[in-house]
file start-v4.cif (mmCIF, C-alpha atoms and all ligand atoms)
data_data
#
loop_
_atom_site.group_PDB
_atom_site.id
_atom_site.type_symbol
_atom_site.label_atom_id
_atom_site.label_comp_id
_atom_site.auth_asym_id
_atom_site.auth_seq_id
_atom_site.Cartn_x
_atom_site.Cartn_y
_atom_site.Cartn_z
ATOM 1 C CA MET A 15 21.591 -3.962 9.734
ATOM 2 C CA GLN A 16 19.954 -5.420 6.645
ATOM 3 C CA LEU A 17 18.119 -3.272 4.132
ATOM 4 C CA LEU A 18 14.644 -4.456 3.125
ATOM 5 C CA ASP A 19 15.055 -3.646 -0.537
ATOM 6 C CA GLY A 20 11.704 -2.745 -2.118
ATOM 7 C CA LYS A 21 13.305 -2.131 -5.504
ATOM 8 C CA LYS A 22 14.746 -5.647 -5.711
ATOM 9 C CA LEU A 23 11.659 -7.353 -4.248
ATOM 10 C CA SER A 24 9.177 -5.468 -6.402
ATOM 11 C CA ALA A 25 11.155 -6.437 -9.526
ATOM 12 C CA GLU A 26 10.971 -10.080 -8.375
ATOM 13 C CA VAL A 27 7.219 -9.931 -7.708
ATOM 14 C CA LYS A 28 6.515 -8.220 -11.042
ATOM 15 C CA ALA A 29 8.576 -10.837 -12.908
ATOM 16 C CA GLU A 30 6.537 -13.592 -11.213
ATOM 17 C CA ILE A 31 3.237 -11.929 -12.129
ATOM 18 C CA LYS A 32 4.418 -11.357 -15.723
ATOM 19 C CA ALA A 33 5.348 -15.047 -16.065
ATOM 20 C CA GLU A 34 1.848 -16.002 -14.902
ATOM 21 C CA VAL A 35 0.184 -13.514 -17.258
ATOM 22 C CA ASP A 36 2.264 -14.889 -20.159
ATOM 23 C CA ARG A 37 1.062 -18.420 -19.292
ATOM 24 C CA ILE A 38 -2.578 -17.273 -19.058
ATOM 25 C CA LYS A 39 -2.366 -15.503 -22.423
ATOM 26 C CA ALA A 40 -0.611 -18.472 -24.088
ATOM 27 C CA ALA A 41 -3.467 -20.688 -22.894
ATOM 28 C CA GLY A 42 -6.013 -18.290 -24.430
ATOM 29 C CA GLY A 43 -7.119 -16.826 -21.069
ATOM 30 C CA LYS A 44 -8.234 -13.302 -20.287
ATOM 31 C CA THR A 45 -5.714 -10.452 -20.028
ATOM 32 C CA PRO A 46 -6.035 -8.907 -16.534
ATOM 33 C CA HIS A 47 -7.398 -5.357 -16.762
ATOM 34 C CA LEU A 48 -6.898 -2.652 -14.117
ATOM 35 C CA ALA A 49 -8.601 0.746 -14.289
ATOM 36 C CA ALA A 50 -7.654 3.807 -12.221
ATOM 37 C CA ILE A 51 -9.601 6.983 -11.557
ATOM 38 C CA LEU A 52 -7.598 10.087 -10.721
ATOM 39 C CA VAL A 53 -9.466 13.204 -9.602
ATOM 40 C CA GLY A 54 -7.619 16.538 -9.631
ATOM 41 C CA ASN A 55 -3.950 17.320 -10.109
ATOM 42 C CA ASN A 56 -2.185 16.372 -6.913
ATOM 43 C CA GLY A 57 1.428 15.905 -8.075
ATOM 44 C CA ALA A 58 2.185 12.899 -5.856
ATOM 45 C CA SER A 59 -1.057 11.136 -6.843
ATOM 46 C CA GLU A 60 -0.263 11.717 -10.527
ATOM 47 C CA THR A 61 3.146 10.078 -9.992
ATOM 48 C CA TYR A 62 1.658 7.056 -8.185
ATOM 49 C CA VAL A 63 -1.086 6.502 -10.771
ATOM 50 C CA ALA A 64 1.413 6.862 -13.640
ATOM 51 C CA SER A 65 3.576 4.273 -11.920
ATOM 52 C CA LYS A 66 0.590 1.889 -11.585
ATOM 53 C CA ILE A 67 -0.224 2.236 -15.302
ATOM 54 C CA LYS A 68 3.444 1.779 -16.302
ATOM 55 C CA SER A 69 3.676 -1.344 -14.124
ATOM 56 C CA CYS A 70 0.595 -2.769 -15.875
ATOM 57 C CA GLU A 71 2.315 -2.280 -19.238
ATOM 58 C CA GLU A 72 5.514 -3.952 -17.974
ATOM 59 C CA ILE A 73 3.758 -7.109 -16.846
ATOM 60 C CA GLY A 74 1.264 -7.444 -19.702
ATOM 61 C CA PHE A 75 -1.918 -6.176 -18.001
ATOM 62 C CA LYS A 76 -4.405 -4.029 -19.847
ATOM 63 C CA SER A 77 -4.961 -0.676 -18.099
ATOM 64 C CA THR A 78 -7.383 2.246 -18.338
ATOM 65 C CA LEU A 79 -6.801 5.662 -16.806
ATOM 66 C CA ILE A 80 -9.726 8.003 -16.179
ATOM 67 C CA SER A 81 -8.457 11.504 -15.304
ATOM 68 C CA LEU A 82 -11.082 13.890 -13.977
ATOM 69 C CA PRO A 83 -10.809 17.595 -13.036
ATOM 70 C CA ASP A 84 -10.839 18.571 -9.361
ATOM 71 C CA THR A 85 -14.227 20.240 -9.933
ATOM 72 C CA THR A 86 -15.770 16.768 -10.499
ATOM 73 C CA SER A 87 -18.831 16.335 -8.285
ATOM 74 C CA GLU A 88 -19.384 13.303 -6.071
ATOM 75 C CA GLU A 89 -22.321 12.295 -8.327
ATOM 76 C CA GLU A 90 -20.137 12.437 -11.449
ATOM 77 C CA LEU A 91 -17.480 10.318 -9.786
ATOM 78 C CA LEU A 92 -20.123 7.815 -8.616
ATOM 79 C CA SER A 93 -21.357 7.555 -12.199
ATOM 80 C CA HIS A 94 -17.828 6.644 -13.443
ATOM 81 C CA ILE A 95 -17.615 4.057 -10.654
ATOM 82 C CA GLN A 96 -20.920 2.520 -11.718
ATOM 83 C CA ASP A 97 -19.675 2.263 -15.314
ATOM 84 C CA LEU A 98 -16.571 0.394 -14.146
ATOM 85 C CA ASN A 99 -18.614 -1.832 -11.803
ATOM 86 C CA PHE A 100 -20.608 -2.988 -14.848
ATOM 87 C CA ASP A 101 -17.748 -3.104 -17.388
ATOM 88 C CA GLU A 102 -17.201 -6.833 -17.874
ATOM 89 C CA ASP A 103 -13.686 -6.395 -19.253
ATOM 90 C CA VAL A 104 -12.411 -4.513 -16.168
ATOM 91 C CA ASP A 105 -11.257 -6.959 -13.470
ATOM 92 C CA GLY A 106 -10.522 -4.361 -10.841
ATOM 93 C CA PHE A 107 -10.234 -0.622 -10.344
ATOM 94 C CA ILE A 108 -9.057 1.967 -7.896
ATOM 95 C CA VAL A 109 -9.949 5.546 -7.067
ATOM 96 C CA GLN A 110 -6.694 7.279 -6.170
ATOM 97 C CA LEU A 111 -6.681 8.915 -2.706
ATOM 98 C CA PRO A 112 -6.751 11.587 -1.431
ATOM 99 C CA LEU A 113 -9.875 12.975 -3.084
ATOM 100 C CA PRO A 114 -10.821 16.676 -3.180
ATOM 101 C CA ALA A 115 -12.424 17.760 0.113
ATOM 102 C CA HIS A 116 -15.967 18.020 -1.339
ATOM 103 C CA ILE A 117 -16.039 14.269 -2.061
ATOM 104 C CA SER A 118 -16.570 11.743 0.742
ATOM 105 C CA GLU A 119 -13.910 9.032 0.604
ATOM 106 C CA ASN A 120 -16.141 6.637 2.570
ATOM 107 C CA THR A 121 -19.025 7.091 0.101
ATOM 108 C CA ILE A 122 -16.665 6.425 -2.804
ATOM 109 C CA MET A 123 -15.067 3.353 -1.192
ATOM 110 C CA GLU A 124 -18.514 1.852 -0.571
ATOM 111 C CA ALA A 125 -19.605 2.460 -4.177
ATOM 112 C CA VAL A 126 -16.885 0.230 -5.644
ATOM 113 C CA ALA A 127 -18.200 -3.315 -6.180
ATOM 114 C CA PRO A 128 -16.401 -5.481 -3.550
ATOM 115 C CA GLU A 129 -15.384 -8.038 -6.193
ATOM 116 C CA LYS A 130 -13.598 -5.276 -8.181
ATOM 117 C CA ASP A 131 -12.202 -3.474 -5.109
ATOM 118 C CA VAL A 132 -8.539 -4.345 -5.722
ATOM 119 C CA ASP A 133 -7.547 -1.610 -3.235
ATOM 120 C CA GLY A 134 -9.295 -3.639 -0.515
ATOM 121 C CA PHE A 135 -10.950 -0.512 0.936
ATOM 122 C CA HIS A 136 -14.641 -1.563 0.769
ATOM 123 C CA PRO A 137 -16.129 -2.450 4.194
ATOM 124 C CA ILE A 138 -16.895 -5.960 2.879
ATOM 125 C CA ASN A 139 -13.228 -6.568 2.064
ATOM 126 C CA VAL A 140 -12.091 -4.988 5.344
ATOM 127 C CA GLY A 141 -14.607 -7.109 7.282
ATOM 128 C CA ARG A 142 -13.636 -10.311 5.463
ATOM 129 C CA MET A 143 -9.957 -9.557 6.107
ATOM 130 C CA CYS A 144 -10.727 -9.104 9.843
ATOM 131 C CA LYS A 145 -12.514 -12.461 9.910
ATOM 132 C CA GLY A 146 -9.691 -14.217 8.056
ATOM 133 C CA LEU A 147 -11.903 -14.890 5.023
ATOM 134 C CA PRO A 148 -10.627 -14.571 1.426
ATOM 135 C CA ALA A 149 -10.483 -10.817 0.731
ATOM 136 C CA TYR A 150 -8.504 -8.218 -1.145
ATOM 137 C CA ILE A 151 -5.911 -7.028 1.349
ATOM 138 C CA SER A 152 -5.118 -3.368 0.785
ATOM 139 C CA ALA A 153 -1.982 -2.773 -1.203
ATOM 140 C CA THR A 154 0.392 -1.234 1.359
ATOM 141 C CA PRO A 155 -0.285 -3.825 4.117
ATOM 142 C CA TYR A 156 -0.015 -6.536 1.457
ATOM 143 C CA GLY A 157 3.362 -5.126 0.357
ATOM 144 C CA ILE A 158 4.655 -5.070 3.951
ATOM 145 C CA LEU A 159 3.587 -8.694 4.582
ATOM 146 C CA GLU A 160 5.324 -9.699 1.354
ATOM 147 C CA MET A 161 8.559 -7.982 2.490
ATOM 148 C CA LEU A 162 8.486 -9.690 5.900
ATOM 149 C CA GLU A 163 7.847 -13.063 4.247
ATOM 150 C CA ARG A 164 10.429 -12.790 1.478
ATOM 151 C CA TYR A 165 13.122 -11.745 3.995
ATOM 152 C CA LYS A 166 11.949 -14.627 6.276
ATOM 153 C CA ILE A 167 11.546 -12.299 9.272
ATOM 154 C CA GLN A 168 10.200 -14.088 12.347
ATOM 155 C CA THR A 169 7.046 -12.462 13.660
ATOM 156 C CA ALA A 170 5.404 -14.979 16.056
ATOM 157 C CA GLY A 171 5.351 -13.744 19.639
ATOM 158 C CA LYS A 172 7.017 -10.440 18.728
ATOM 159 C CA HIS A 173 5.753 -7.077 19.894
ATOM 160 C CA CYS A 174 4.643 -5.126 16.823
ATOM 161 C CA VAL A 175 3.990 -1.415 17.326
ATOM 162 C CA VAL A 176 2.039 0.323 14.553
ATOM 163 C CA VAL A 177 2.239 4.118 14.696
ATOM 164 C CA GLY A 178 -0.768 5.580 12.856
ATOM 165 C CA ARG A 179 -4.370 4.402 12.656
ATOM 166 C CA SER A 180 -5.293 5.286 9.062
ATOM 167 C CA GLN A 181 -7.967 3.201 7.361
ATOM 168 C CA ILE A 182 -5.622 2.287 4.512
ATOM 169 C CA VAL A 183 -2.459 1.360 6.434
ATOM 170 C CA GLY A 184 -2.345 1.516 10.252
ATOM 171 C CA LEU A 185 -5.659 -0.146 11.030
ATOM 172 C CA PRO A 186 -5.436 -3.084 8.567
ATOM 173 C CA MET A 187 -1.747 -3.584 9.383
ATOM 174 C CA SER A 188 -2.508 -3.922 13.102
ATOM 175 C CA ILE A 189 -5.141 -6.580 12.328
ATOM 176 C CA LEU A 190 -2.908 -8.528 9.950
ATOM 177 C CA MET A 191 0.055 -8.589 12.339
ATOM 178 C CA GLN A 192 -2.029 -10.169 15.132
ATOM 179 C CA ARG A 193 -3.780 -12.836 12.992
ATOM 180 C CA ASN A 194 -2.981 -16.500 13.481
ATOM 181 C CA ALA A 195 -0.800 -16.861 10.367
ATOM 182 C CA TYR A 196 2.647 -16.028 9.048
ATOM 183 C CA PRO A 197 3.484 -13.137 8.947
ATOM 184 C CA GLY A 198 1.435 -12.467 12.047
ATOM 185 C CA ASN A 199 0.951 -13.914 15.529
ATOM 186 C CA CYS A 200 2.392 -10.715 17.013
ATOM 187 C CA THR A 201 1.280 -8.918 20.112
ATOM 188 C CA VAL A 202 0.182 -5.644 18.541
ATOM 189 C CA THR A 203 0.006 -2.130 19.926
ATOM 190 C CA ILE A 204 -1.539 0.559 17.725
ATOM 191 C CA CYS A 205 -0.517 4.131 18.548
ATOM 192 C CA HIS A 206 -1.919 7.472 17.416
ATOM 193 C CA SER A 207 -1.821 11.190 18.163
ATOM 194 C CA ARG A 208 -3.401 10.707 21.638
ATOM 195 C CA THR A 209 -1.058 7.912 22.753
ATOM 196 C CA HIS A 210 0.768 8.673 26.009
ATOM 197 C CA ASN A 211 4.468 7.807 26.236
ATOM 198 C CA LEU A 212 4.730 7.146 22.499
ATOM 199 C CA LYS A 213 8.522 7.017 22.626
ATOM 200 C CA GLU A 214 8.542 4.395 25.409
ATOM 201 C CA VAL A 215 5.954 2.258 23.554
ATOM 202 C CA CYS A 216 8.047 2.409 20.372
ATOM 203 C CA GLN A 217 11.180 1.489 22.329
ATOM 204 C CA SER A 218 9.505 -1.786 23.293
ATOM 205 C CA ALA A 219 8.800 -2.755 19.649
ATOM 206 C CA ASP A 220 10.482 -5.750 18.029
ATOM 207 C CA ILE A 221 8.748 -4.683 14.824
ATOM 208 C CA LEU A 222 8.042 -0.973 14.423
ATOM 209 C CA ILE A 223 5.722 0.126 11.617
ATOM 210 C CA ALA A 224 5.781 3.904 11.142
ATOM 211 C CA ALA A 225 2.721 5.129 9.244
ATOM 212 C CA LEU A 226 1.958 8.503 10.791
ATOM 213 C CA GLY A 227 2.810 10.784 7.848
ATOM 214 C CA ARG A 228 5.269 13.027 9.720
ATOM 215 C CA PRO A 229 8.650 13.217 7.993
ATOM 216 C CA GLU A 230 11.590 11.872 10.037
ATOM 217 C CA PHE A 231 9.512 11.772 13.248
ATOM 218 C CA ILE A 232 10.967 8.431 14.381
ATOM 219 C CA THR A 233 14.497 9.114 15.558
ATOM 220 C CA ALA A 234 17.062 6.649 16.950
ATOM 221 C CA ASP A 235 15.858 7.133 20.540
ATOM 222 C CA TYR A 236 12.447 5.620 19.577
ATOM 223 C CA VAL A 237 14.025 2.377 18.375
ATOM 224 C CA LYS A 238 15.163 -0.745 20.225
ATOM 225 C CA GLU A 239 18.536 -2.220 19.208
ATOM 226 C CA GLY A 240 17.957 -4.860 16.498
ATOM 227 C CA ALA A 241 14.319 -3.931 15.791
ATOM 228 C CA VAL A 242 12.686 -4.411 12.403
ATOM 229 C CA VAL A 243 11.751 -0.913 11.196
ATOM 230 C CA ILE A 244 9.167 -0.542 8.430
ATOM 231 C CA ASP A 245 8.771 3.006 7.129
ATOM 232 C CA VAL A 246 5.451 3.648 5.377
ATOM 233 C CA GLY A 247 5.710 7.456 5.267
ATOM 234 C CA ILE A 248 6.243 9.251 1.971
ATOM 235 C CA THR A 249 6.241 13.043 2.240
ATOM 236 C CA ARG A 250 7.512 15.502 -0.338
ATOM 237 C CA VAL A 251 9.506 18.256 1.379
ATOM 238 C CA PRO A 252 10.811 21.333 -0.478
ATOM 239 C CA ASP A 253 14.477 20.937 -1.436
ATOM 240 C CA ALA A 254 16.001 23.579 -3.716
ATOM 241 C CA ALA A 255 19.010 21.314 -4.382
ATOM 242 C CA LYS A 256 16.798 18.774 -6.198
ATOM 243 C CA LYS A 257 15.824 19.164 -9.860
ATOM 244 C CA SER A 258 12.224 18.302 -8.934
ATOM 245 C CA GLY A 259 12.236 20.965 -6.189
ATOM 246 C CA PHE A 260 11.429 18.401 -3.470
ATOM 247 C CA ALA A 261 12.946 15.494 -1.579
ATOM 248 C CA ILE A 262 11.014 12.385 -0.531
ATOM 249 C CA LYS A 263 11.167 11.721 3.215
ATOM 250 C CA GLY A 264 9.930 8.775 5.224
ATOM 251 C CA ASP A 265 8.553 8.859 8.768
ATOM 252 C CA VAL A 266 11.874 7.457 10.022
ATOM 253 C CA LYS A 267 15.130 9.389 10.282
ATOM 254 C CA PHE A 268 16.952 6.754 8.260
ATOM 255 C CA ASP A 269 20.600 7.781 8.783
ATOM 256 C CA GLU A 270 20.418 7.647 12.563
ATOM 257 C CA VAL A 271 17.964 4.726 12.909
ATOM 258 C CA ALA A 272 19.601 2.368 10.367
ATOM 259 C CA PRO A 273 22.752 1.603 12.433
ATOM 260 C CA LYS A 274 20.525 0.567 15.363
ATOM 261 C CA ALA A 275 17.959 -1.484 13.412
ATOM 262 C CA GLY A 276 18.133 -5.191 12.595
ATOM 263 C CA TYR A 277 16.242 -4.605 9.347
ATOM 264 C CA ILE A 278 14.991 -1.349 7.846
ATOM 265 C CA THR A 279 13.107 -0.183 4.741
ATOM 266 C CA PRO A 280 14.471 2.853 2.865
ATOM 267 C CA VAL A 281 12.326 5.710 1.513
ATOM 268 C CA PRO A 282 12.199 5.891 -1.438
ATOM 269 C CA GLY A 283 12.816 2.327 -2.578
ATOM 270 C CA GLY A 284 10.949 0.473 0.165
ATOM 271 C CA VAL A 285 7.289 -0.013 1.013
ATOM 272 C CA GLY A 286 5.982 2.352 -1.731
ATOM 273 C CA LEU A 287 7.220 0.105 -4.520
ATOM 274 C CA MET A 288 5.740 -2.958 -2.819
ATOM 275 C CA THR A 289 2.372 -1.148 -2.600
ATOM 276 C CA ILE A 290 2.136 -1.294 -6.379
ATOM 277 C CA CYS A 291 2.910 -5.037 -6.292
ATOM 278 C CA GLY A 292 -0.005 -5.513 -3.866
ATOM 279 C CA LEU A 293 -2.353 -3.833 -6.311
ATOM 280 C CA LEU A 294 -1.097 -5.883 -9.268
ATOM 281 C CA THR A 295 -1.427 -9.106 -7.265
ATOM 282 C CA ASN A 296 -5.023 -8.254 -6.305
ATOM 283 C CA THR A 297 -5.859 -7.489 -9.945
ATOM 284 C CA LEU A 298 -4.459 -10.840 -11.049
ATOM 285 C CA LEU A 299 -6.489 -12.570 -8.298
ATOM 286 C CA SER A 300 -9.593 -10.747 -9.504
ATOM 287 C CA SER A 301 -9.069 -11.764 -13.129
ATOM 288 C CA LYS A 302 -8.784 -15.378 -11.912
ATOM 289 C CA LYS A 303 -11.928 -14.939 -9.738
ATOM 290 C CA ALA A 304 -9.808 -16.231 -6.858
ATOM 291 C CA ILE A 305 -11.402 -14.168 -4.063
ATOM 292 C CA PHE A 306 -15.053 -13.756 -5.100
ATOM 293 C CA LYS A 307 -16.203 -16.729 -7.209
HETATM 294 N N1 LIG B 1 -6.390 4.326 -4.065
HETATM 295 C C1 LIG B 1 -5.255 4.405 -3.355
HETATM 296 N N2 LIG B 1 -4.770 5.598 -3.011
HETATM 297 C C2 LIG B 1 -3.626 5.644 -2.273
HETATM 298 C C3 LIG B 1 -2.930 4.466 -1.910
HETATM 299 C C4 LIG B 1 -3.475 3.223 -2.292
HETATM 300 O O1 LIG B 1 -2.948 2.119 -1.969
HETATM 301 N N3 LIG B 1 -4.643 3.229 -3.029
HETATM 302 N N4 LIG B 1 -1.709 4.537 -1.252
HETATM 303 C C5 LIG B 1 -0.995 5.801 -1.188
HETATM 304 C C6 LIG B 1 -0.160 6.137 -2.376
HETATM 305 N N5 LIG B 1 0.366 5.030 -3.194
HETATM 306 C C7 LIG B 1 -0.499 4.287 -3.917
HETATM 307 O O2 LIG B 1 -1.401 4.757 -4.533
HETATM 308 C C8 LIG B 1 1.756 4.883 -3.475
HETATM 309 C C9 LIG B 1 2.700 5.519 -2.733
HETATM 310 C C10 LIG B 1 4.056 5.426 -3.075
HETATM 311 C C11 LIG B 1 4.450 4.682 -4.169
HETATM 312 C C12 LIG B 1 5.873 4.615 -4.620
HETATM 313 O O3 LIG B 1 6.172 3.944 -5.572
HETATM 314 N N6 LIG B 1 6.785 5.328 -3.960
HETATM 315 C C13 LIG B 1 8.140 5.419 -4.411
HETATM 316 C C14 LIG B 1 8.485 6.896 -4.569
HETATM 317 C C15 LIG B 1 7.677 7.527 -5.675
HETATM 318 C C16 LIG B 1 7.889 9.035 -5.786
HETATM 319 O O4 LIG B 1 7.182 9.790 -5.105
HETATM 320 O O5 LIG B 1 8.746 9.436 -6.577
HETATM 321 C C17 LIG B 1 9.059 4.801 -3.385
HETATM 322 O O6 LIG B 1 8.675 4.755 -2.193
HETATM 323 O O7 LIG B 1 10.152 4.403 -3.759
HETATM 324 C C18 LIG B 1 3.501 4.032 -4.903
HETATM 325 C C19 LIG B 1 2.173 4.123 -4.562
HETATM 326 C C20 LIG B 1 -1.994 6.942 -1.004
HETATM 327 N N7 LIG B 1 -3.094 6.844 -1.911
#
call {"tool": "encode", "arguments": {"input": "start-v4.cif", "output": "structure tokens", "more": "lines below"}}
Ligand SMILES: Nc1nc2c(c(=O)[nH]1)N[C@@H](CN(C=O)c1ccc(C(=O)N[C@@H](CCC(=O)O)C(=O)O)cc1)CN2
result
Amino acid sequence: MQLLDGKKLSAEVKAEIKAEVDRIKAAGGKTPHLAAILVGNNGASETYVASKIKSCEEIGFKSTLISLPDTTSEEELLSHIQDLNFDEDVDGFIVQLPLPAHISENTIMEAVAPEKDVDGFHPINVGRMCKGLPAYISATPYGILEMLERYKIQTAGKHCVVVGRSQIVGLPMSILMQRNAYPGNCTVTICHSRTHNLKEVCQSADILIAALGRPEFITADYVKEGAVVIDVGITRVPDAAKKSGFAIKGDVKFDEVAPKAGYITPVPGGVGLMTICGLLTNTLLSSKKAIFK
């Protein structure tokens, strides 16, 4: 079994981006600028946004954080989005998900200008990605592709099973793994809560991507010997033994699946860290006008 080490890879990717930012600045170019909107006080979201801002500082990006109370109306949030759409210094911005229940995530995703949508959630970016056109690929799928590529994992002709059909991970991941490119060219099955014989489908996976959001759901009996196992789940479960009061669990029962897997991502220290690299990469692309001219 080989560990797909998100900590090591994300450090590599960040160092590469920093080197490019240093070159851009030395040549008198524009400093990439990422803005993030956080609504409410969801503890996990606060951690992720703080980590995005800290990463910007590490690699020499400018960053702006807009923190709003959970009583913020949809109209107020749309007004902040409009300001960022028109702010010429901001190359890209994100609205951290999930949003409070009174705000429609689809409305918000559509309000972000596609050329600043470094999360890759706008229907124009999703549609362009489906058609194989230049697009911002959403951060988690981007991070997974980067892991497969940097570990030189063969994907052509393999059976890739994606468990979970979320708009931000499962759905785009299934599309990317079947495209005619590397990583890709897989035969893809996408599974969800209504899938019959889920265990048997997973057992036939050469590449198993678990993105269902149920801690330790995927046990060893779901996994084929030698399979590549990518764990996208990150759930905080109460744990009195931890100083924080919680433990972070993936969707895969790591200790029993790891001995059976060919490659496996840990949680924490796997896909989550690469997600941030995807966002930073998209922001750099935006500042270079590499996707939308
Ligand atoms: N606007 C967005 N919202 C959300 C996204 C997204 O891509 N855009 N994805 C997830 C959360 N997410 C990014 O925002 C994210 C998740 C996990 C990590 C991460 O670094 N995880 C660490 C553990 C961190 C911890 O909890 O202590 C790890 O896996 O090692 C970063 C970003 C939903 N919302």
call {"tool": "closest_residue", "arguments": {"input": "start-v4.cif", "among": "A:Pro128, A:Gly146, A:Pro137, A:Gly74", "to": "Ile189 (chain A)", "atoms": "all atoms listed in the file"}}
result
A:Gly146
call {"tool": "residues_near_ligand", "arguments": {"input": "start-v4.cif", "ligand": "ligand LIG 1 (chain B)", "cutoff": "9 Å", "atoms": "only C-alpha atoms and all ligand atoms", "output": "number ranges by chain"}}
result
A: 20-21, 50-52, 57-59, 61-63, 65-66, 107-113, 132-135, 152-155, 182-183, 246-250, 261-262, 264, 280-290, 292-293
call {"tool": "closest_residue", "arguments": {"input": "start-v4.cif", "among": "A:Ala225, A:Ala25, A:Leu98, A:Leu92", "to": "Glu72 (chain A)", "atoms": "all atoms listed in the file"}}
result
A:Ala25
call {"tool": "residues_near_point", "arguments": {"input": "start-v4.cif", "point": "(1.1, 6.7, 15.1)", "cutoff": "7 Å", "atoms": "all atoms listed in the file", "output": "ChimeraX atom specification"}}
result
/A:176-179,205-207,224-226
call {"tool": "residues_around", "arguments": {"input": "start-v4.cif", "residues": "Ile221 (chain A)", "least_positions_apart": "3", "cutoff": "12 Å", "atoms": "all atoms listed in the file", "output": "tab-separated table (two decimals) with C-alpha atoms, in the coordinates of the input"}}
result
chain	number	residue	atom	x	y	z
A	158	ILE	CA	4.66	-5.07	3.95
A	162	LEU	CA	8.49	-9.69	5.90
A	167	ILE	CA	11.55	-12.30	9.27
A	168	GLN	CA	10.20	-14.09	12.35
A	169	THR	CA	7.05	-12.46	13.66
A	170	ALA	CA	5.40	-14.98	16.06
A	171	GLY	CA	5.35	-13.74	19.64
A	172	LYS	CA	7.02	-10.44	18.73
A	173	HIS	CA	5.75	-7.08	19.89
A	174	CYS	CA	4.64	-5.13	16.82
A	175	VAL	CA	3.99	-1.42	17.33
A	176	VAL	CA	2.04	0.32	14.55
A	177	VAL	CA	2.24	4.12	14.70
A	187	MET	CA	-1.75	-3.58	9.38
A	188	SER	CA	-2.51	-3.92	13.10
A	191	MET	CA	0.06	-8.59	12.34
A	197	PRO	CA	3.48	-13.14	8.95
A	198	GLY	CA	1.44	-12.47	12.05
A	200	CYS	CA	2.39	-10.72	17.01
A	201	THR	CA	1.28	-8.92	20.11
A	202	VAL	CA	0.18	-5.64	18.54
A	203	THR	CA	0.01	-2.13	19.93
A	204	ILE	CA	-1.54	0.56	17.73
A	215	VAL	CA	5.95	2.26	23.55
A	216	CYS	CA	8.05	2.41	20.37
A	217	GLN	CA	11.18	1.49	22.33
A	218	SER	CA	9.51	-1.79	23.29
A	224	ALA	CA	5.78	3.90	11.14
A	236	TYR	CA	12.45	5.62	19.58
A	237	VAL	CA	14.02	2.38	18.38
A	238	LYS	CA	15.16	-0.74	20.23
A	239	GLU	CA	18.54	-2.22	19.21
A	240	GLY	CA	17.96	-4.86	16.50
A	241	ALA	CA	14.32	-3.93	15.79
A	242	VAL	CA	12.69	-4.41	12.40
A	243	VAL	CA	11.75	-0.91	11.20
A	244	ILE	CA	9.17	-0.54	8.43
A	245	ASP	CA	8.77	3.01	7.13
A	275	ALA	CA	17.96	-1.48	13.41
A	276	GLY	CA	18.13	-5.19	12.60
A	277	TYR	CA	16.24	-4.61	9.35
A	278	ILE	CA	14.99	-1.35	7.85
A	279	THR	CA	13.11	-0.18	4.74
call {"tool": "resolve_selection", "arguments": {"input": "start-v4.cif", "expression": "the PyMOL selection byres (((chain A and resi 232) around 6) and not hetatm)", "output": "PyMOL selection string"}}
result
chain A and resi 230-231+233+266-267
call {"tool": "closest_residue", "arguments": {"input": "start-v4.cif", "among": "A:Glu160, A:Asp36, A:Asp253, A:Asp101", "to": "Leu190 (chain A)", "atoms": "only C-alpha atoms"}}
result
A:Glu160
call {"tool": "residues_near_point", "arguments": {"input": "start-v4.cif", "point": "(-15.6, -8.5, -6.8)", "cutoff": "8 Å", "atoms": "all atoms listed in the file", "output": "list in words"}}
result
Gly106, Ala127, Pro128, Glu129, Lys130, Asp131, Ser300, Lys303, Ile305 and Phe306 of chain A
call {"tool": "resolve_selection", "arguments": {"input": "start-v4.cif", "expression": "the PyMOL selection byres (((chain A and resi 77) around 7) and not hetatm)", "output": "ChimeraX atom specification"}}
result
/A:47-49,67,70,75-76,78-79
call {"tool": "resolve_selection", "arguments": {"input": "start-v4.cif", "expression": "the PyMOL selection byres (((chain A and resi 85) around 12) and not hetatm)", "output": "VMD selection string"}}
result
chain A and resid 53 to 55 81 to 84 86 to 91 113 to 117
call {"tool": "atom_distance", "arguments": {"input": "start-v4.cif", "atom1": "CA of Pro273 (chain A)", "atom2": "CA of Met15 (chain A)"}}
result
6.3 Å
call {"tool": "atom_distance", "arguments": {"input": "start-v4.cif", "atom1": "CA of Arg193 (chain A)", "atom2": "CA of Pro148 (chain A)"}}
result
13.6 Å
call {"tool": "residues_around", "arguments": {"input": "start-v4.cif", "residues": "Ser301 (chain A)", "least_positions_apart": "3", "cutoff": "9 Å", "atoms": "only C-alpha atoms", "output": "list in words"}}
result
Lys44, Thr45, Pro46, His47, Val104, Asp105, Gly106, Asn296, Thr297, Leu298 and Ala304 of chain A
call {"tool": "atom_distance", "arguments": {"input": "start-v4.cif", "atom1": "CA of Glu124 (chain A)", "atom2": "CA of Asn99 (chain A)"}}
result
11.8 Å
